[in-house]
file coords-v4.txt (compact mmCIF, C-alpha atoms)
# COMPACT_ATOMS: atom_id res chain seq x y z
CA MET A 1 -31.07 100.09 56.72
CA PHE A 2 -31.72 96.44 57.44
CA LEU A 3 -29.61 94.09 59.50
CA ILE A 4 -29.74 90.43 58.45
CA PHE A 5 -29.16 87.66 60.96
CA TYR A 6 -28.69 83.95 60.22
CA THR A 7 -29.89 80.98 62.21
CA VAL A 8 -29.31 77.47 60.88
CA SER A 9 -30.99 74.24 61.88
CA ALA A 10 -29.98 71.36 59.62
CA GLN A 11 -31.16 72.16 56.08
CA ILE A 12 -33.49 75.04 57.03
CA THR A 13 -32.06 78.55 57.29
CA LEU A 14 -34.05 81.50 58.63
CA ASN A 15 -32.98 85.00 57.54
CA LEU A 16 -35.05 87.68 59.29
CA ALA A 17 -34.46 91.26 58.10
CA LEU A 18 -36.40 93.78 60.17
CA ASN A 19 -36.25 97.55 59.96
CA SER A 20 -35.07 98.70 63.40
CA ARG A 21 -37.82 101.34 63.33
CA PRO A 22 -40.70 99.75 61.41
CA GLN A 23 -44.06 101.35 60.81
CA PRO A 24 -46.16 101.29 64.00
CA PHE A 25 -49.24 99.95 62.19
CA LEU A 26 -48.82 96.19 62.30
CA SER A 27 -51.16 95.82 59.34
CA ASP A 28 -48.51 97.67 57.27
CA TRP A 29 -45.81 95.10 57.92
CA ALA A 30 -46.48 93.54 54.53
CA LYS A 31 -44.72 96.56 52.97
CA PRO A 32 -41.07 95.99 51.96
CA ILE A 33 -39.98 99.12 53.84
CA ASN A 34 -40.43 97.16 57.09
CA GLY A 35 -38.27 94.26 55.97
CA MET A 36 -38.71 90.64 54.90
CA MET A 37 -38.27 87.05 56.02
CA ILE A 38 -36.40 84.45 53.96
CA ILE A 39 -36.47 80.72 54.69
CA SER A 40 -33.99 78.65 52.70
CA TYR A 41 -34.67 74.92 52.41
CA MET A 42 -32.44 72.15 51.15
CA ARG A 43 -33.70 68.59 51.27
CA GLY A 44 -31.32 66.28 53.11
CA PRO A 45 -31.01 63.37 55.52
CA THR A 46 -31.78 65.52 58.57
CA VAL A 47 -34.75 67.46 57.17
CA SER A 48 -36.79 65.98 54.36
CA ASP A 49 -40.28 67.32 55.15
CA PRO A 50 -40.78 70.74 53.47
CA ALA A 51 -43.95 71.51 55.48
CA VAL A 52 -43.41 74.05 58.29
CA LYS A 53 -45.31 76.32 60.65
CA LEU A 54 -44.23 79.59 62.22
CA ARG A 55 -44.41 80.34 65.92
CA THR A 56 -44.22 84.05 66.72
CA SER A 57 -43.75 85.91 70.01
CA LEU A 58 -43.72 89.63 70.73
CA LEU A 59 -41.96 90.95 73.84
CA ASN A 60 -41.99 94.45 75.37
CA GLU A 61 -38.95 96.34 76.65
CA SER A 62 -39.06 94.57 80.03
CA GLY A 63 -38.88 91.19 78.29
CA SER A 64 -42.48 90.24 79.06
CA VAL A 65 -44.36 88.35 76.35
CA ILE A 66 -47.26 90.52 75.17
CA ALA A 67 -48.32 88.38 72.22
CA THR A 68 -47.80 84.84 71.03
CA SER A 69 -49.17 82.90 68.08
CA ASN A 70 -51.33 79.80 68.36
CA ILE A 71 -49.11 77.12 66.82
CA ASN A 72 -52.05 74.75 66.39
CA ALA A 73 -53.91 77.28 64.24
CA ALA A 74 -50.81 78.48 62.39
CA ARG A 75 -50.76 78.19 58.63
CA VAL A 76 -48.72 75.35 57.12
CA TYR A 77 -46.20 76.47 54.49
CA THR A 78 -44.77 73.95 52.04
CA LEU A 79 -41.28 75.16 51.25
CA LYS A 80 -39.73 74.80 47.84
CA GLU A 81 -36.09 73.89 47.60
CA GLY A 82 -33.95 77.00 47.64
CA VAL A 83 -35.08 80.44 48.77
CA ASN A 84 -38.63 81.09 50.05
CA GLN A 85 -39.41 84.78 50.56
CA PHE A 86 -42.09 86.10 52.93
CA THR A 87 -43.23 89.49 54.17
CA LEU A 88 -42.89 90.51 57.79
CA ALA A 89 -46.66 90.28 58.00
CA ASP A 90 -46.25 86.54 57.37
CA ALA A 91 -43.67 86.40 60.15
CA LEU A 92 -45.84 88.42 62.55
CA GLN A 93 -49.05 86.42 61.93
CA LEU A 94 -51.19 89.26 63.28
CA GLN A 95 -54.47 87.35 62.79
CA ASN A 96 -53.06 84.39 64.76
CA LEU A 97 -51.61 86.32 67.71
CA THR A 98 -53.08 85.94 71.19
CA LEU A 99 -52.95 89.38 72.83
CA PRO A 100 -53.56 90.55 76.41
CA GLY A 101 -56.51 92.87 76.89
CA TYR A 102 -54.69 96.22 76.95
CA VAL A 103 -52.66 95.46 73.80
CA GLN A 104 -55.72 94.11 72.02
CA ASN A 105 -57.73 97.22 72.90
CA LEU A 106 -54.94 99.49 71.65
CA LEU A 107 -54.64 97.61 68.37
CA ARG A 108 -58.41 97.62 67.88
CA SER A 109 -58.70 101.34 68.54
CA THR A 110 -55.55 102.56 66.76
CA GLY A 111 -54.09 99.60 64.85
CA ARG A 112 -50.64 100.43 66.18
CA LEU A 113 -48.25 99.47 68.94
CA ALA A 114 -47.50 102.01 71.65
CA ALA A 115 -44.12 103.74 71.49
CA GLY A 116 -41.28 101.73 72.99
CA GLN A 117 -38.78 98.93 72.45
CA TYR A 118 -39.87 95.41 71.46
CA GLN A 119 -38.50 92.03 70.44
CA LEU A 120 -39.87 89.84 67.67
CA ILE A 121 -39.12 86.12 67.97
CA VAL A 122 -39.88 83.86 65.00
CA GLU A 123 -39.45 80.10 65.13
CA VAL A 124 -39.73 77.76 62.16
CA MET A 125 -41.41 74.58 63.39
CA ASN A 126 -42.19 71.26 61.78
CA ALA A 127 -45.79 70.75 60.59
CA GLY A 128 -46.65 69.11 63.91
CA GLY A 129 -45.55 72.21 65.80
CA ASP A 130 -43.31 70.31 68.22
CA ILE A 131 -39.81 70.63 66.75
CA VAL A 132 -37.93 73.91 66.23
CA ARG A 133 -36.11 73.95 62.88
CA ALA A 134 -34.78 77.52 63.10
CA LYS A 135 -35.20 80.53 65.38
CA GLN A 136 -34.52 84.25 65.16
CA THR A 137 -34.86 87.16 67.62
CA ARG A 138 -34.86 90.79 66.47
CA SER A 139 -35.23 94.00 68.47
CA PHE A 140 -37.09 97.01 67.09
CA PHE A 141 -38.39 100.37 68.23
CA ILE A 142 -41.72 102.12 67.80
CA THR A 143 -40.83 105.80 67.75
CA SER A 144 -41.99 108.12 70.51
CA TYR A 145 -42.48 111.62 69.12
CA GLN A 146 -42.03 115.06 70.61
CA LEU A 147 -45.18 116.94 69.71
CA PRO A 148 -44.99 120.42 68.17
CA VAL A 149 -44.44 123.43 70.42
CA LEU A 150 -46.76 126.39 69.93
CA ILE A 151 -44.95 129.54 68.83
CA ASN A 152 -47.52 132.14 67.85
CA PRO A 153 -49.70 133.33 69.48
CA ALA A 154 -47.39 132.64 72.41
CA LYS A 155 -48.65 131.90 75.90
CA GLU A 156 -50.66 134.85 77.28
CA ALA A 157 -50.11 136.84 74.09
CA LYS A 158 -52.26 139.93 73.49
CA ILE A 159 -53.55 140.60 69.97
CA ASP A 160 -55.00 143.93 68.89
CA ALA A 161 -58.68 143.53 68.07
CA HIS A 162 -58.34 145.61 64.89
CA ILE A 163 -55.92 142.98 63.57
CA ALA A 164 -57.68 139.96 65.05
CA GLN A 165 -61.00 140.77 63.43
CA ASN A 166 -59.39 140.17 60.03
CA ILE A 167 -56.63 137.62 60.55
CA ILE A 168 -54.85 135.59 63.24
CA THR A 169 -51.76 133.62 62.25
CA PHE A 170 -50.91 130.43 64.15
CA ARG A 171 -47.38 128.95 64.02
CA TRP A 172 -45.76 125.92 65.67
CA THR A 173 -42.63 123.77 65.45
CA ASN A 174 -42.46 120.53 63.48
CA LEU A 175 -42.83 117.00 64.77
CA VAL A 176 -39.60 115.52 66.21
CA PRO A 177 -38.29 113.25 64.84
CA SER A 178 -39.77 113.57 61.38
CA SER A 179 -42.22 110.79 60.52
CA GLN A 180 -41.90 108.68 57.36
CA GLU A 181 -45.13 110.20 56.03
CA LEU A 182 -46.20 113.82 56.40
CA PRO A 183 -48.45 114.29 59.43
CA THR A 184 -51.61 116.37 59.50
CA PHE A 185 -51.72 119.33 61.89
CA ARG A 186 -55.19 120.36 63.08
CA VAL A 187 -55.45 123.81 64.66
CA GLN A 188 -58.03 123.93 67.45
CA VAL A 189 -59.18 127.15 69.15
CA PHE A 190 -61.58 127.36 72.09
CA GLU A 191 -63.20 130.42 73.64
CA ILE A 192 -62.76 130.83 77.39
CA LEU A 193 -66.16 131.85 78.68
CA SER A 194 -66.85 133.94 81.76
CA GLY A 195 -66.23 131.95 84.94
CA GLN A 196 -64.20 129.27 83.16
CA THR A 197 -60.57 128.37 83.66
CA PRO A 198 -58.58 127.91 80.44
CA MET A 199 -58.42 124.12 80.92
CA GLN A 200 -62.16 123.92 81.56
CA ALA A 201 -62.72 125.64 78.24
CA PHE A 202 -60.14 123.42 76.54
CA ARG A 203 -61.71 120.19 77.78
CA GLY A 204 -65.37 121.11 77.72
CA ASN A 205 -66.16 123.68 75.02
CA ARG A 206 -66.76 123.08 71.34
CA PRO A 207 -63.87 124.50 69.30
CA LEU A 208 -64.45 127.72 67.37
CA LEU A 209 -61.80 126.50 64.96
CA ASP A 210 -60.88 122.89 64.19
CA GLU A 211 -59.23 122.82 60.77
CA PRO A 212 -56.17 121.14 59.21
CA ALA A 213 -53.20 123.18 58.08
CA LEU A 214 -51.88 122.75 54.57
CA LYS A 215 -49.99 119.44 54.39
CA GLY A 216 -46.32 119.86 55.16
CA THR A 217 -46.70 123.35 56.70
CA THR A 218 -46.49 124.51 60.31
CA GLN A 219 -48.68 127.59 59.91
CA TYR A 220 -52.38 128.31 59.68
CA ILE A 221 -54.03 131.66 58.87
CA TRP A 222 -57.42 132.09 60.53
CA ARG A 223 -59.95 134.61 59.29
CA PRO A 224 -62.25 134.42 62.31
CA ASN A 225 -65.18 136.54 61.10
CA LEU A 226 -66.07 137.15 64.75
CA PRO A 227 -67.03 140.42 66.51
CA MET A 228 -63.52 141.08 67.81
CA LEU A 229 -64.20 144.79 68.29
CA ASP A 230 -67.04 144.05 70.69
CA SER A 231 -65.59 144.37 74.18
CA THR A 232 -68.21 141.97 75.54
CA ALA A 233 -67.25 138.94 73.44
CA ASN A 234 -64.36 136.73 72.34
CA ARG A 235 -61.77 138.31 74.58
CA GLN A 236 -59.81 135.24 75.58
CA PHE A 237 -58.97 131.98 73.81
CA ILE A 238 -56.97 128.81 74.30
CA TRP A 239 -55.47 126.97 71.33
CA THR A 240 -53.50 123.88 70.46
CA VAL A 241 -52.34 121.76 67.53
CA GLN A 242 -53.38 118.13 67.19
CA THR A 243 -50.91 116.03 65.20
CA LEU A 244 -52.36 113.11 63.25
CA ASP A 245 -50.58 110.39 61.29
CA ALA A 246 -51.25 109.38 57.69
CA LYS A 247 -54.22 107.26 58.78
CA GLY A 248 -55.81 110.06 60.80
CA PHE A 249 -54.85 108.70 64.23
CA PRO A 250 -53.15 110.85 66.91
CA ILE A 251 -49.37 110.66 66.81
CA PRO A 252 -48.13 108.63 69.82
CA SER A 253 -46.24 110.48 72.52
CA SER A 254 -45.11 109.61 76.03
CA ASP A 255 -48.63 110.49 77.24
CA MET A 256 -51.16 108.71 75.01
CA THR A 257 -54.11 110.35 76.83
CA ILE A 258 -53.48 113.77 75.29
CA GLN A 259 -54.44 112.39 71.86
CA GLY A 260 -51.57 114.00 69.97
CA ARG A 261 -52.37 117.51 71.24
CA SER A 262 -49.57 119.91 72.04
CA ALA A 263 -49.49 121.78 75.33
CA PRO A 264 -52.09 124.55 74.81
CA ALA A 265 -51.54 128.30 75.07
CA THR A 266 -53.92 131.14 75.88
CA PHE A 267 -54.17 134.50 74.15
CA SER A 268 -56.33 137.59 74.59
CA ILE A 269 -57.93 140.15 72.31
CA VAL A 270 -57.20 143.72 73.48
CA ASN A 271 -58.09 147.27 72.48
CA GLN A 272 -61.68 146.42 71.66
CA MET A 273 -64.28 149.15 71.15
CA GLY A 274 -64.94 150.73 74.51
CA THR A 275 -61.57 149.62 75.92
CA MET A 276 -58.92 152.31 76.05
CA ASN A 277 -55.45 151.38 74.92
CA LYS A 278 -52.26 152.50 76.68
CA LYS A 279 -51.68 155.46 74.36
CA ASN A 280 -55.13 156.91 75.13
CA GLU A 281 -54.56 156.45 78.88
CA ASP A 282 -51.23 158.32 78.63
CA LEU A 283 -52.91 161.23 76.77
CA ILE A 284 -55.58 161.54 79.46
CA GLU A 285 -52.93 161.56 82.21
CA GLN A 286 -50.99 164.31 80.37
CA LYS A 287 -54.10 166.49 80.17

call {"tool": "encode", "arguments": {"input": "coords-v4.txt", "output": "C-alpha cells"}}
result
Amino acid sequence: MFLIFYTVSAQITLNLALNSRPQPFLSDWAKPINGMMIISYMRGPTVSDPAVKLRTSLLNESGSVIATSNINAARVYTLKEGVNQFTLADALQLQNLTLPGYVQNLLRSTGRLAAGQYQLIVEVMNAGGDIVRAKQTRSFFITSYQLPVLINPAKEAKIDAHIAQNIITFRWTNLVPSSQELPTFRVQVFEILSGQTPMQAFRGNRPLLDEPALKGTTQYIWRPNLPMLDSTANRQFIWTVQTLDAKGFPIPSSDMTIQGRSAPATFSIVNQMGTMNKKNEDLIEQK
C-alpha cells in the first residue's frame, strides 16, 4: 500500500508515493512496486518557468544525512503543464548522490542499503538550484530478516552410518518475514577434522557440500557417497544454510558479517564398522 502526501509551492505540486518497505536494491527503485513521484505544474504569475531540478537527501534512523545529491550536477527537467510522472529512481538520483565511504562501499559490494529505518527528502528546485518550489519527506524501512533455524540434523544429533551412507536429509525453517521474491537456500556441510573445533572447521575448511535447495523448499536430500561405514573417516560434521536473495547476495540480518548464514549445528555419524552400538554392548554385558 502506498501513502500519498501533498506539498504545494505556488503552481508546483509534489506528490511522492513511496512504498513503506521498498526493495533494498536502490537500482530497482525504477519499478512501480516501489512507488512513484508526480510533479504537477500550472503556469501562473508566481511560477512561469517550467524548468526544475531535484535535490535529494537520504537520512538514517538517527536523522543523520548519509547521502545528498549534487544540485549543480542535477538533471534539468522541463515540466509540461498538468501532471508529470516520474519513477522513484528519478527522485532518488542514485548516480548523482554523494555518499560517505561506508555507505558507498556497501552499495558497491551489494547494491543495497543495510536493514533499518530511513528518510527520503525530495525538493523541487528552480533551474538555478537556489529556490525551493516544493518539498516532501517520506520515511521507509529496509527489512531486517530473521534467518532460518536449522531443524534436522539438530545440534549434536547422531546419525546411524548405515543410513548416512545413502542419504542425509537437511531441514530448516523459512525466512522471516517472507521476502517479496523467493530466496535461495544453499546447504553447506563441513567435515570437522581431528584436532579441530567445530568453528575452526566451519571457518577454515572447504565444504563437502555447497548446493542450493529446490527453489521455494526448506529441505535438501544429500546423497553423500562417502565412506560412512569407515570408523576412521567422516565422523563429525558442522552444517548451515546460507540464504541468498534474488540477485544472489546474502540476505541482510542484524549481523551483516555472517553473510546470510544461519547459526550452524554439528552432527555425528555413529555405529560405523568396528564401532559397537548400544545393543551389542548390552548383549556382551548379559553374557

call {"tool": "residues_around", "arguments": {"input": "coords-v4.txt", "residues": "Ala157 of chain A", "least_positions_apart": "2", "cutoff": "9 Å", "atoms": "all atoms listed in the file", "output": "PyMOL selection string"}}
result
chain A and resi 152-155+159+265-269

call {"tool": "residues_near_point", "arguments": {"input": "coords-v4.txt", "point": "(-45.9, 91.4, 59.3)", "cutoff": "10 Å", "atoms": "all atoms listed in the file", "output": "list of chain:residue names"}}
result
A:Leu18, A:Phe25, A:Leu26, A:Ser27, A:Asp28, A:Trp29, A:Ala30, A:Lys31, A:Pro32, A:Asn34, A:Gly35, A:Met36, A:Met37, A:Phe86, A:Thr87, A:Leu88, A:Ala89, A:Asp90, A:Ala91, A:Leu92, A:Gln93, A:Leu94

call {"tool": "write_last_selection", "arguments": {"input": "coords-v4.txt", "atoms": "C-alpha atoms", "output": "short mmCIF file (atom, residue, chain, number, x, y, z; two decimals), in the coordinates of the input"}}
result
data_model
loop_
_atom_site.label_atom_id
_atom_site.label_comp_id
_atom_site.auth_asym_id
_atom_site.auth_seq_id
_atom_site.Cartn_x
_atom_site.Cartn_y
_atom_site.Cartn_z
CA LEU A 18 -36.40 93.78 60.17
CA PHE A 25 -49.24 99.95 62.19
CA LEU A 26 -48.82 96.19 62.30
CA SER A 27 -51.16 95.82 59.34
CA ASP A 28 -48.51 97.67 57.27
CA TRP A 29 -45.81 95.10 57.92
CA ALA A 30 -46.48 93.54 54.53
CA LYS A 31 -44.72 96.56 52.97
CA PRO A 32 -41.07 95.99 51.96
CA ASN A 34 -40.43 97.16 57.09
CA GLY A 35 -38.27 94.26 55.97
CA MET A 36 -38.71 90.64 54.90
CA MET A 37 -38.27 87.05 56.02
CA PHE A 86 -42.09 86.10 52.93
CA THR A 87 -43.23 89.49 54.17
CA LEU A 88 -42.89 90.51 57.79
CA ALA A 89 -46.66 90.28 58.00
CA ASP A 90 -46.25 86.54 57.37
CA ALA A 91 -43.67 86.40 60.15
CA LEU A 92 -45.84 88.42 62.55
CA GLN A 93 -49.05 86.42 61.93
CA LEU A 94 -51.19 89.26 63.28
#

call {"tool": "residues_around", "arguments": {"input": "coords-v4.txt", "residues": "Leu106 of chain A", "least_positions_apart": "6", "cutoff": "12 Å", "atoms": "all atoms listed in the file", "output": "ChimeraX atom specification"}}
result
/A:24-26,99-100,112-115,249,252,256

call {"tool": "write_last_selection", "arguments": {"input": "coords-v4.txt", "atoms": "C-alpha atoms", "output": "compact mmCIF listing (two decimals), in the coordinates of the input"}}
result
# COMPACT_ATOMS: atom_id res chain seq x y z
CA PRO A 24 -46.16 101.29 64.00
CA PHE A 25 -49.24 99.95 62.19
CA LEU A 26 -48.82 96.19 62.30
CA LEU A 99 -52.95 89.38 72.83
CA PRO A 100 -53.56 90.55 76.41
CA ARG A 112 -50.64 100.43 66.18
CA LEU A 113 -48.25 99.47 68.94
CA ALA A 114 -47.50 102.01 71.65
CA ALA A 115 -44.12 103.74 71.49
CA PHE A 249 -54.85 108.70 64.23
CA PRO A 252 -48.13 108.63 69.82
CA MET A 256 -51.16 108.71 75.01

call {"tool": "closest_residue", "arguments": {"input": "coords-v4.txt", "among": "A:Ile12, A:Ala67, A:Ala17, A:Asn84", "to": "Met42 of chain A", "atoms": "only C-alpha atoms"}}
result
A:Ile12

call {"tool": "closest_residue", "arguments": {"input": "coords-v4.txt", "among": "A:Leu107, A:Asn60, A:Lys53, A:Pro177", "to": "Gly129 of chain A", "atoms": "all atoms listed in the file"}}
result
A:Lys53

call {"tool": "atom_distance", "arguments": {"input": "coords-v4.txt", "atom1": "atom CA of Thr243 of chain A", "atom2": "atom CA of Leu209 of chain A"}}
result
15.1 Å

call {"tool": "atom_distance", "arguments": {"input": "coords-v4.txt", "atom1": "atom CA of Thr197 of chain A", "atom2": "atom CA of Leu150 of chain A"}}
result
19.6 Å

call {"tool": "residues_around", "arguments": {"input": "coords-v4.txt", "residues": "Pro50 of chain A", "least_positions_apart": "4", "cutoff": "12 Å", "atoms": "only C-alpha atoms", "output": "PDB file with C-alpha atoms, in the frame of the given file"}}
result
ATOM      1  CA  GLN A  11     -31.160  72.160  56.080  1.00  0.00           C
ATOM      2  CA  ILE A  12     -33.490  75.040  57.030  1.00  0.00           C
ATOM      3  CA  ILE A  39     -36.470  80.720  54.690  1.00  0.00           C
ATOM      4  CA  SER A  40     -33.990  78.650  52.700  1.00  0.00           C
ATOM      5  CA  TYR A  41     -34.670  74.920  52.410  1.00  0.00           C
ATOM      6  CA  MET A  42     -32.440  72.150  51.150  1.00  0.00           C
ATOM      7  CA  ARG A  43     -33.700  68.590  51.270  1.00  0.00           C
ATOM      8  CA  GLY A  44     -31.320  66.280  53.110  1.00  0.00           C
ATOM      9  CA  THR A  46     -31.780  65.520  58.570  1.00  0.00           C
ATOM     10  CA  VAL A  76     -48.720  75.350  57.120  1.00  0.00           C
ATOM     11  CA  TYR A  77     -46.200  76.470  54.490  1.00  0.00           C
ATOM     12  CA  THR A  78     -44.770  73.950  52.040  1.00  0.00           C
ATOM     13  CA  LEU A  79     -41.280  75.160  51.250  1.00  0.00           C
ATOM     14  CA  LYS A  80     -39.730  74.800  47.840  1.00  0.00           C
ATOM     15  CA  GLU A  81     -36.090  73.890  47.600  1.00  0.00           C
ATOM     16  CA  GLY A  82     -33.950  77.000  47.640  1.00  0.00           C
ATOM     17  CA  ASN A  84     -38.630  81.090  50.050  1.00  0.00           C
ATOM     18  CA  VAL A 124     -39.730  77.760  62.160  1.00  0.00           C
ATOM     19  CA  MET A 125     -41.410  74.580  63.390  1.00  0.00           C
ATOM     20  CA  ASN A 126     -42.190  71.260  61.780  1.00  0.00           C
ATOM     21  CA  ALA A 127     -45.790  70.750  60.590  1.00  0.00           C
ATOM     22  CA  ARG A 133     -36.110  73.950  62.880  1.00  0.00           C
TER      23      ARG A 133
END

call {"tool": "closest_residue", "arguments": {"input": "coords-v4.txt", "among": "A:Arg21, A:Arg203, A:Arg261, A:Arg108", "to": "Leu147 of chain A", "atoms": "only C-alpha atoms"}}
result
A:Arg261

call {"tool": "closest_residue", "arguments": {"input": "coords-v4.txt", "among": "A:Glu181, A:Ile238, A:Ser139, A:Val176", "to": "Arg206 of chain A", "atoms": "only C-alpha atoms"}}
result
A:Ile238

call {"tool": "residues_near_point", "arguments": {"input": "coords-v4.txt", "point": "(-40.6, 101.7, 72.7)", "cutoff": "6 Å", "atoms": "all atoms listed in the file", "output": "list in words"}}
result
Ala115, Gly116, Gln117, Phe141 and Ile142 of chain A

call {"tool": "atom_distance", "arguments": {"input": "coords-v4.txt", "atom1": "atom CA of Ser179 of chain A", "atom2": "atom CA of Phe140 of chain A"}}
result
16.1 Å

call {"tool": "closest_residue", "arguments": {"input": "coords-v4.txt", "among": "A:Asn70, A:Arg55, A:Arg235, A:Ala246", "to": "Ser194 of chain A", "atoms": "only C-alpha atoms"}}
result
A:Arg235

call {"tool": "closest_residue", "arguments": {"input": "coords-v4.txt", "among": "A:Asn105, A:Gln188, A:Thr143, A:Ser262", "to": "Trp172 of chain A", "atoms": "all atoms listed in the file"}}
result
A:Ser262

call {"tool": "residues_around", "arguments": {"input": "coords-v4.txt", "residues": "Gln119 of chain A", "least_positions_apart": "5", "cutoff": "6 Å", "atoms": "all atoms listed in the file", "output": "list in words"}}
result
Leu58, Leu59, Arg138 and Ser139 of chain A
